[in-house]
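Chemist: Below is a structure I'd like to ask you about.
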Amino acid sequence: MKDYKSFSIKFSLNDGHSPNRNPTKRMLSDMKGMYLDNRSFEKILEQGNICVYEFYELEIPRKSSDLSFGTTIIYSGKVGTEYFMTKGHFHEKLETAEVYYCTKGHGFLLLEDPEGNSEIQEMTPGISVYVPPNFAHRSINISNSEPFVMFFVFRADAGHNYKTIETKGFRKLIIEKDGKPIIIDNPKWKD
Ligand code: MN
């Protein structure tokens, strides 16, 4: 175990960012096809390619004995009635879980397993959520004004499978109706 050294890293409680590190950015153009309303998507994109969310990834060895962690910052916005959100993913190693801890903003964590069980957890600062093995997860910012920030930890060798969600989508969507978030069945979901 001599190869390992402890380290510390700052993630701001104010905005989730870490000084002297570069987050991975997901721009609106990276989200093509992930929103229900393609026309609204193209309209917003015409006005400029804005950042939907960003996250910090650490260079941790991808071993089952290691843990990876960081923050995700999802900005406030909507495509049509659908809130800004992460792509969402399964872990390549389905049996690996994850923990999220909200430090800022207001959002939902949408969970779904391959058998079709959906779960939703509401998150505000101080709330932590356990994402059990087997569940795809997506973070959704339901605030109309401020970023939604979460700290996460998962097994470093979990891996990310984005493809399944990019192809099929989630069975449920969170959209805004009469100024409030509601859950609907995804009409574009493919079995
Ligand atoms: Mn994950």
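Numbering starts fresh at 1 for the residues of each chain in the structure tokens, the chains themselves are lettered A, B, ... in the order given, and ligands are numbered from 1 as they appear.
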List every residue of chain A that DSSP, applied to the backbone of this structure, assigns to strand (DSSP E), and report them as a PyMOL selection string.
Modeler: chain A and resi 24-27+51-55+67-74+78-79+82-83+90-91+98-104+107-112+118-123+128-131+136-141+148-155+160-161+172-177+180-185
Chemist: Please identify the residues whose atoms come within 7 Å of ligand 1, using only C-alpha atoms and all ligand atoms, and report them as number ranges by chain.
Modeler: A: 89-91, 98, 137, 154, 160
Chemist: May I have the residues within 8 Å of Lys190 of chain A as a PyMOL selection string, using only C-alpha atoms and disregarding those fewer than 5 positions away in the same chain?
Modeler: chain A and resi 167-169
Chemist: Could those residues be written to a file, using N, CA, C and O atoms, as a short mmCIF file (atom, residue, chain, number, x, y, z; two decimals), in the first residue's frame?
Modeler:
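Generated output (result-v2.cif):
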```cif
data_model
loop_
_atom_site.label_atom_id
_atom_site.label_comp_id
_atom_site.auth_asym_id
_atom_site.auth_seq_id
_atom_site.Cartn_x
_atom_site.Cartn_y
_atom_site.Cartn_z
N THR A 167 -29.64 5.55 -26.21
CA THR A 167 -30.43 4.82 -27.20
C THR A 167 -31.90 4.71 -26.80
O THR A 167 -32.79 4.96 -27.60
N LYS A 168 -32.14 4.33 -25.54
CA LYS A 168 -33.51 4.03 -25.10
C LYS A 168 -34.18 5.14 -24.32
O LYS A 168 -35.39 5.23 -24.29
N GLY A 169 -33.37 5.97 -23.65
CA GLY A 169 -33.92 6.97 -22.75
C GLY A 169 -34.33 6.37 -21.42
O GLY A 169 -34.18 5.15 -21.20
#
```
Chemist: Name all residues at most 8 Å from Phe41 of chain A (count only C-alpha atoms; drop same-chain ones fewer than 5 positions away) and give them as a list of chain:residue names.
Modeler: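 In the requested format, the answer is A:Lys32, A:Tyr35, A:Val79, A:Gly80.
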Chemist: Which residue, A:Pro114, A:Lys172, A:Gly179, A:Gly77, has the smallest gap to Ser145 of chain A when you use only C-alpha atoms?
Modeler: A:Gly77
Chemist: Just list as a PyMOL selection string whatever in segment 36-167 of chain A DSSP marks as alpha helix (DSSP H).
Modeler: chain A and resi 38-47+163-167
Chemist: Those selected residues, please, written with N, CA, C and O atoms and delivered as a compact mmCIF listing (two decimals), in the first residue's frame.
Modeler:
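The result, written out as part.txt:
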```txt
# COMPACT_ATOMS: atom_id res chain seq x y z
N ASN A 38 -37.53 18.27 -29.63
CA ASN A 38 -36.40 18.54 -30.54
C ASN A 38 -36.44 19.95 -31.12
O ASN A 38 -35.37 20.54 -31.37
N ARG A 39 -37.64 20.47 -31.37
CA ARG A 39 -37.75 21.80 -31.97
C ARG A 39 -37.24 22.87 -31.03
O ARG A 39 -36.50 23.76 -31.43
N SER A 40 -37.63 22.77 -29.76
CA SER A 40 -37.13 23.71 -28.76
C SER A 40 -35.62 23.57 -28.61
O SER A 40 -34.90 24.56 -28.48
N PHE A 41 -35.15 22.33 -28.64
CA PHE A 41 -33.71 22.06 -28.54
C PHE A 41 -32.94 22.81 -29.64
O PHE A 41 -31.98 23.52 -29.37
N GLU A 42 -33.38 22.64 -30.87
CA GLU A 42 -32.69 23.29 -32.00
C GLU A 42 -32.77 24.81 -31.92
O GLU A 42 -31.82 25.51 -32.26
N LYS A 43 -33.92 25.32 -31.44
CA LYS A 43 -34.10 26.77 -31.29
C LYS A 43 -33.10 27.36 -30.30
O LYS A 43 -32.48 28.39 -30.55
N ILE A 44 -32.96 26.71 -29.16
CA ILE A 44 -32.03 27.20 -28.13
C ILE A 44 -30.59 27.11 -28.65
O ILE A 44 -29.78 28.01 -28.47
N LEU A 45 -30.29 26.01 -29.33
CA LEU A 45 -28.94 25.78 -29.85
C LEU A 45 -28.55 26.84 -30.89
O LEU A 45 -27.39 27.27 -30.95
N GLU A 46 -29.54 27.27 -31.69
CA GLU A 46 -29.30 28.32 -32.69
C GLU A 46 -28.80 29.61 -32.04
O GLU A 46 -28.00 30.34 -32.61
N GLN A 47 -29.31 29.86 -30.82
CA GLN A 47 -28.93 31.09 -30.11
C GLN A 47 -27.57 30.98 -29.44
O GLN A 47 -27.02 31.96 -28.96
N LYS A 163 -24.46 4.62 -23.25
CA LYS A 163 -25.09 4.16 -24.50
C LYS A 163 -26.56 3.73 -24.32
O LYS A 163 -27.42 4.10 -25.11
N THR A 164 -26.81 2.93 -23.28
CA THR A 164 -28.17 2.41 -23.08
C THR A 164 -29.19 3.55 -22.96
O THR A 164 -30.24 3.53 -23.60
N ILE A 165 -28.85 4.56 -22.17
CA ILE A 165 -29.76 5.69 -21.98
C ILE A 165 -29.82 6.55 -23.25
O ILE A 165 -30.90 7.02 -23.63
N GLU A 166 -28.69 6.74 -23.91
CA GLU A 166 -28.69 7.52 -25.16
C GLU A 166 -29.60 6.87 -26.21
O GLU A 166 -30.24 7.55 -27.01
N THR A 167 -29.64 5.55 -26.21
CA THR A 167 -30.43 4.82 -27.20
C THR A 167 -31.90 4.71 -26.80
O THR A 167 -32.79 4.96 -27.60
```
Chemist: Skipping near chain neighbours, those fewer than 3 positions away, what residues fall within 10 Å of Ile127 of chain A using only C-alpha atoms, listed as an MDAnalysis selection string?
Modeler: chainID A and resid 100:104 121:124 150
Chemist: Write a file of the just-selected residues containing N, CA and C atoms, as a PDB file, in the first residue's frame.
Modeler:
```
ATOM      1  N   TYR A 100     -24.778  10.155  -3.430  1.00  0.00           N
ATOM      2  CA  TYR A 100     -24.814  11.575  -3.793  1.00  0.00           C
ATOM      3  C   TYR A 100     -25.136  12.396  -2.555  1.00  0.00           C
ATOM      4  N   TYR A 101     -24.572  13.591  -2.502  1.00  0.00           N
ATOM      5  CA  TYR A 101     -24.843  14.504  -1.395  1.00  0.00           C
ATOM      6  C   TYR A 101     -25.047  15.899  -1.967  1.00  0.00           C
ATOM      7  N   CYS A 102     -26.217  16.449  -1.776  1.00  0.00           N
ATOM      8  CA  CYS A 102     -26.523  17.767  -2.352  1.00  0.00           C
ATOM      9  C   CYS A 102     -25.953  18.877  -1.479  1.00  0.00           C
ATOM     10  N   THR A 103     -25.230  19.787  -2.126  1.00  0.00           N
ATOM     11  CA  THR A 103     -24.657  20.917  -1.384  1.00  0.00           C
ATOM     12  C   THR A 103     -25.308  22.243  -1.771  1.00  0.00           C
ATOM     13  N   LYS A 104     -26.057  22.258  -2.858  1.00  0.00           N
ATOM     14  CA  LYS A 104     -26.593  23.529  -3.347  1.00  0.00           C
ATOM     15  C   LYS A 104     -27.763  23.276  -4.305  1.00  0.00           C
ATOM     16  N   GLN A 121     -35.870  10.675  -6.182  1.00  0.00           N
ATOM     17  CA  GLN A 121     -35.478  11.259  -4.901  1.00  0.00           C
ATOM     18  C   GLN A 121     -35.310  12.756  -5.080  1.00  0.00           C
ATOM     19  N   GLU A 122     -35.979  13.515  -4.200  1.00  0.00           N
ATOM     20  CA  GLU A 122     -35.832  14.967  -4.237  1.00  0.00           C
ATOM     21  C   GLU A 122     -34.620  15.376  -3.407  1.00  0.00           C
ATOM     22  N   MET A 123     -33.851  16.303  -3.923  1.00  0.00           N
ATOM     23  CA  MET A 123     -32.622  16.695  -3.227  1.00  0.00           C
ATOM     24  C   MET A 123     -32.533  18.200  -3.002  1.00  0.00           C
ATOM     25  N   THR A 124     -32.203  18.547  -1.768  1.00  0.00           N
ATOM     26  CA  THR A 124     -31.906  19.928  -1.379  1.00  0.00           C
ATOM     27  C   THR A 124     -30.637  19.860  -0.528  1.00  0.00           C
ATOM     28  N   MET A 150     -24.070  18.613  -6.561  1.00  0.00           N
ATOM     29  CA  MET A 150     -23.977  17.415  -5.740  1.00  0.00           C
ATOM     30  C   MET A 150     -22.557  16.872  -5.716  1.00  0.00           C
TER      31      MET A 150
END
```
Chemist: Using only C-alpha atoms, which protein or nucleic acid residues come within 8 Å of Leu110 of chain A? Drop anything in the same chain fewer than 6 positions from it, and give the result as a ChimeraX atom specification.
Modeler: /A:118-121,137-140
Chemist: Looking at only C-alpha atoms, which of A:Val129, A:Ile74, A:Ala158, A:Val99 is the one that sits closest to Arg62 of chain A?
Modeler: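 Between A:Val129, A:Ile74, A:Ala158, A:Val99, the residue approaching Arg62 of chain A most closely is A:Ala158.
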Chemist: Could you pull the residues within 12 Å of Val153 of chain A, counting only C-alpha atoms, minus those fewer than 6 positions along the same chain, as a short mmCIF file (atom, residue, chain, number, x, y, z; two decimals) with N, CA and C atoms, in the first residue's frame?
Modeler:
```
data_model
loop_
_atom_site.label_atom_id
_atom_site.label_comp_id
_atom_site.auth_asym_id
_atom_site.auth_seq_id
_atom_site.Cartn_x
_atom_site.Cartn_y
_atom_site.Cartn_z
N TYR A 56 -16.47 17.11 -12.13
CA TYR A 56 -15.04 16.89 -11.88
C TYR A 56 -14.77 15.40 -11.76
N GLU A 57 -13.77 14.96 -12.50
CA GLU A 57 -13.35 13.56 -12.44
C GLU A 57 -11.92 13.52 -11.92
N LEU A 58 -11.67 12.67 -10.98
CA LEU A 58 -10.31 12.55 -10.45
C LEU A 58 -9.60 11.39 -11.12
N ILE A 60 -8.16 8.59 -10.43
CA ILE A 60 -8.03 7.54 -9.41
C ILE A 60 -7.84 6.22 -10.16
N ASP A 66 -10.60 0.99 -4.90
CA ASP A 66 -10.54 2.45 -4.88
C ASP A 66 -11.92 3.09 -4.96
N LEU A 67 -11.97 4.34 -4.57
CA LEU A 67 -13.20 5.13 -4.69
C LEU A 67 -12.91 6.37 -5.51
N SER A 68 -13.82 6.70 -6.41
CA SER A 68 -13.71 7.94 -7.16
C SER A 68 -14.78 8.89 -6.63
N PHE A 69 -14.49 10.17 -6.69
CA PHE A 69 -15.46 11.14 -6.17
C PHE A 69 -15.30 12.48 -6.86
N GLY A 70 -16.27 13.35 -6.68
CA GLY A 70 -16.20 14.68 -7.29
C GLY A 70 -17.53 15.38 -7.14
N THR A 71 -17.71 16.44 -7.91
CA THR A 71 -18.98 17.15 -7.90
C THR A 71 -19.57 17.24 -9.30
N THR A 72 -20.87 17.35 -9.35
CA THR A 72 -21.60 17.64 -10.59
C THR A 72 -22.36 18.94 -10.39
N THR A 96 -22.30 -2.07 -8.86
CA THR A 96 -21.69 -1.02 -8.04
C THR A 96 -22.67 0.11 -7.75
N ALA A 97 -22.68 0.52 -6.51
CA ALA A 97 -23.59 1.57 -6.03
C ALA A 97 -22.92 2.94 -6.09
N GLU A 98 -23.63 3.96 -5.63
CA GLU A 98 -23.09 5.31 -5.61
C GLU A 98 -23.79 6.10 -4.52
N VAL A 99 -23.13 7.11 -3.99
CA VAL A 99 -23.75 8.00 -3.02
C VAL A 99 -23.66 9.43 -3.53
N TYR A 100 -24.78 10.16 -3.43
CA TYR A 100 -24.81 11.58 -3.79
C TYR A 100 -25.14 12.40 -2.55
N TYR A 101 -24.57 13.59 -2.50
CA TYR A 101 -24.84 14.50 -1.39
C TYR A 101 -25.05 15.90 -1.97
N SER A 128 -28.64 13.41 1.37
CA SER A 128 -27.82 12.44 0.66
C SER A 128 -28.70 11.31 0.17
N VAL A 129 -28.33 10.72 -0.96
CA VAL A 129 -29.12 9.64 -1.55
C VAL A 129 -28.22 8.47 -1.87
N TYR A 130 -28.68 7.29 -1.53
CA TYR A 130 -27.99 6.06 -1.88
C TYR A 130 -28.57 5.54 -3.19
N VAL A 131 -27.72 5.42 -4.20
CA VAL A 131 -28.12 4.84 -5.48
C VAL A 131 -27.72 3.36 -5.42
#
```
Chemist: Between A:Gly105, A:Gly48, A:Gly16, A:Pro61, single out the one closest to Phe148 of chain A, counting only C-alpha atoms.
Modeler: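 Of the candidates, the smallest distance to Phe148 of chain A is held by A:Gly105.
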